[in-house]
Amino acid sequence: MKFAALIATTALTASSAYAAAHEDRTGWPESFTVGTASQGGTYFAYGSGWGNLVAEELGLTGGGEVTGGPMQNMALVHTGDAQFGMTTMGPAAESIAGTNPIAPGLEMTGACAMFPMYQTPFSVTTLASSGITSVSEIPAGARIGFGPAGSTSDTYFPRMMETLGVEFERRNGAWADLGGQLQDGLLDVIAFAAGVPVPAVSQLEVQTDVNIIEFTEEEQAQLMEAFPVANFEIAAETYSTLEAPARSVSMWNFAIANCDLPASFVKAAVDVVMSDNERMVNIHRAARSTLPENWDKNAGVMKWHPGAAEWFIENAGADIPADQIYGN
């Protein structure tokens, strides 16, 4: 849905310190939507939460909208059909390059970085009885479950395995189903891209002995070179199987804004989200990583919205190059 109604200059009362001090609302929309994903997932809960918070603080109508997830959100925000959205860095990079399957060839440069959200780590699990204790020990032709078709895991983990020299048979399915197939000997490996602890792995630990495989430093470096991922450690307390932190990589999730939205509007919205992390964590525990210092996790994938860039430069000491800010 497109919101064409714009307001010129309004002095609405808002409880956000920034919004209260900033009365010039030239060009602000009366309403907004945040593109999230399917109900029941982290994206929907997190996105609806911060959308409602921004609406309440800025005295506007707005909130989350069910979508197909990161790829569709890039398309919706690029076209302006959604003012805000959320994406992982991989889909963002592909969309900007014109390889988003929703609109092949369309370079979605109208979606700008808004603020860092949280990380989605990539992790590998096998049965202890398999004897597989490292990625290099995965045998050629291994049956690997990569999660639901079209998911972030299914989109990137097969490419990662190929980059690391693994030959495999690709399998898809719901995570719980793949965990059962691993236990029944129908799969050799499951490769997850999901928030940890992954319930399917926790359930497997209760029922059998598993190996949670970490990447070597060299493998981690290879993946960071080839994909829009960052280094990550799965904390030892995440799973009973782990005796020490496990080296991994993660793909950051970012909130995005239509690049043509007024800078003052986006800056005010960023201020609401980033100024009180406790409120965000109350919305969803993943927001523990929604911190100003994580501005650098964009790593040049998307241009910054001018209003967001201004907030992070002023409040987080962000060193954002001028050529990474939309419109410069």
# chains A, B, ... in the order shown; residues from 1 in each chain; ligands from 1
call {"tool": "residues_around", "arguments": {"residues": "Ile234 (chain A)", "least_positions_apart": "6", "cutoff": "10 Å", "atoms": "only C-alpha atoms", "output": "JSON, numbers by chain"}}
result
{"A": [121, 122, 123, 196, 197, 212, 214, 242, 244, 245, 246, 247, 248, 249, 250]}
call {"tool": "residues_around", "arguments": {"residues": "Met108 (chain A)", "least_positions_apart": "2", "cutoff": "9 Å", "atoms": "only C-alpha atoms", "output": "PyMOL selection string"}}
result
chain A and resi 74-75+77-79+92+94-98+100+106+110-111
call {"tool": "closest_atom_pairs", "arguments": {"of": "region 144-263 of chain A", "to": "region 302-320 of chain A", "cutoff": "9 Å", "atoms": "only C-alpha atoms", "output": "Markdown table"}}
result
| residue | atom | partner | partner_atom | distance |
| --- | --- | --- | --- | --- |
| A:Ile256 | CA | A:His305 | CA | 8.4 |
| A:Ala257 | CA | A:His305 | CA | 7.0 |
| A:Asn258 | CA | A:His305 | CA | 7.9 |
| A:Cys259 | CA | A:His305 | CA | 5.6 |
| A:Asp260 | CA | A:His305 | CA | 8.3 |
| A:Leu261 | CA | A:His305 | CA | 8.5 |
| A:Pro262 | CA | A:Gly307 | CA | 7.5 |
| A:Ala263 | CA | A:Gly307 | CA | 3.9 |
call {"tool": "residues_around", "arguments": {"residues": "Tyr43 (chain A)", "least_positions_apart": "6", "cutoff": "9 Å", "atoms": "only C-alpha atoms", "output": "JSON, numbers by chain"}}
result
{"A": [35, 36, 37, 69, 86]}
call {"tool": "closest_residue", "arguments": {"among": "A:Asn211, A:Asn282, A:Gln83, A:Asn253", "to": "Pro116 (chain A)", "atoms": "only C-alpha atoms"}}
result
A:Asn253
call {"tool": "residues_around", "arguments": {"residues": "region 220-229 of chain A", "least_positions_apart": "4", "cutoff": "6 Å", "atoms": "only C-alpha atoms", "output": "PyMOL selection string"}}
result
chain A and resi 90+215+250-251
call {"tool": "write_last_selection", "arguments": {"atoms": "all heavy atoms", "output": "short mmCIF file (atom, residue, chain, number, x, y, z; two decimals), in the first residue's frame"}}
result
data_model
loop_
_atom_site.label_atom_id
_atom_site.label_comp_id
_atom_site.auth_asym_id
_atom_site.auth_seq_id
_atom_site.Cartn_x
_atom_site.Cartn_y
_atom_site.Cartn_z
N GLY A 90 22.94 -10.10 2.89
CA GLY A 90 23.04 -10.83 1.64
C GLY A 90 21.96 -10.42 0.65
O GLY A 90 22.26 -10.01 -0.48
N PHE A 215 33.90 -23.32 12.43
CA PHE A 215 34.79 -23.06 11.31
C PHE A 215 36.20 -22.82 11.84
O PHE A 215 36.39 -22.29 12.94
CB PHE A 215 34.33 -21.82 10.53
CG PHE A 215 32.97 -21.95 9.90
CD1 PHE A 215 31.92 -21.15 10.29
CD2 PHE A 215 32.75 -22.88 8.89
CE1 PHE A 215 30.66 -21.26 9.70
CE2 PHE A 215 31.50 -23.01 8.30
CZ PHE A 215 30.46 -22.20 8.70
N SER A 250 28.30 -14.69 10.83
CA SER A 250 26.90 -14.29 10.91
C SER A 250 26.62 -13.24 9.85
O SER A 250 27.52 -12.54 9.38
CB SER A 250 26.57 -13.74 12.30
OG SER A 250 27.26 -12.51 12.50
N MET A 251 25.37 -13.16 9.49
CA MET A 251 24.92 -12.15 8.55
C MET A 251 24.08 -11.14 9.33
O MET A 251 23.12 -11.51 10.01
CB MET A 251 24.08 -12.79 7.43
CG MET A 251 23.76 -11.86 6.28
SD MET A 251 22.98 -12.74 4.89
CE MET A 251 24.41 -13.59 4.20
#
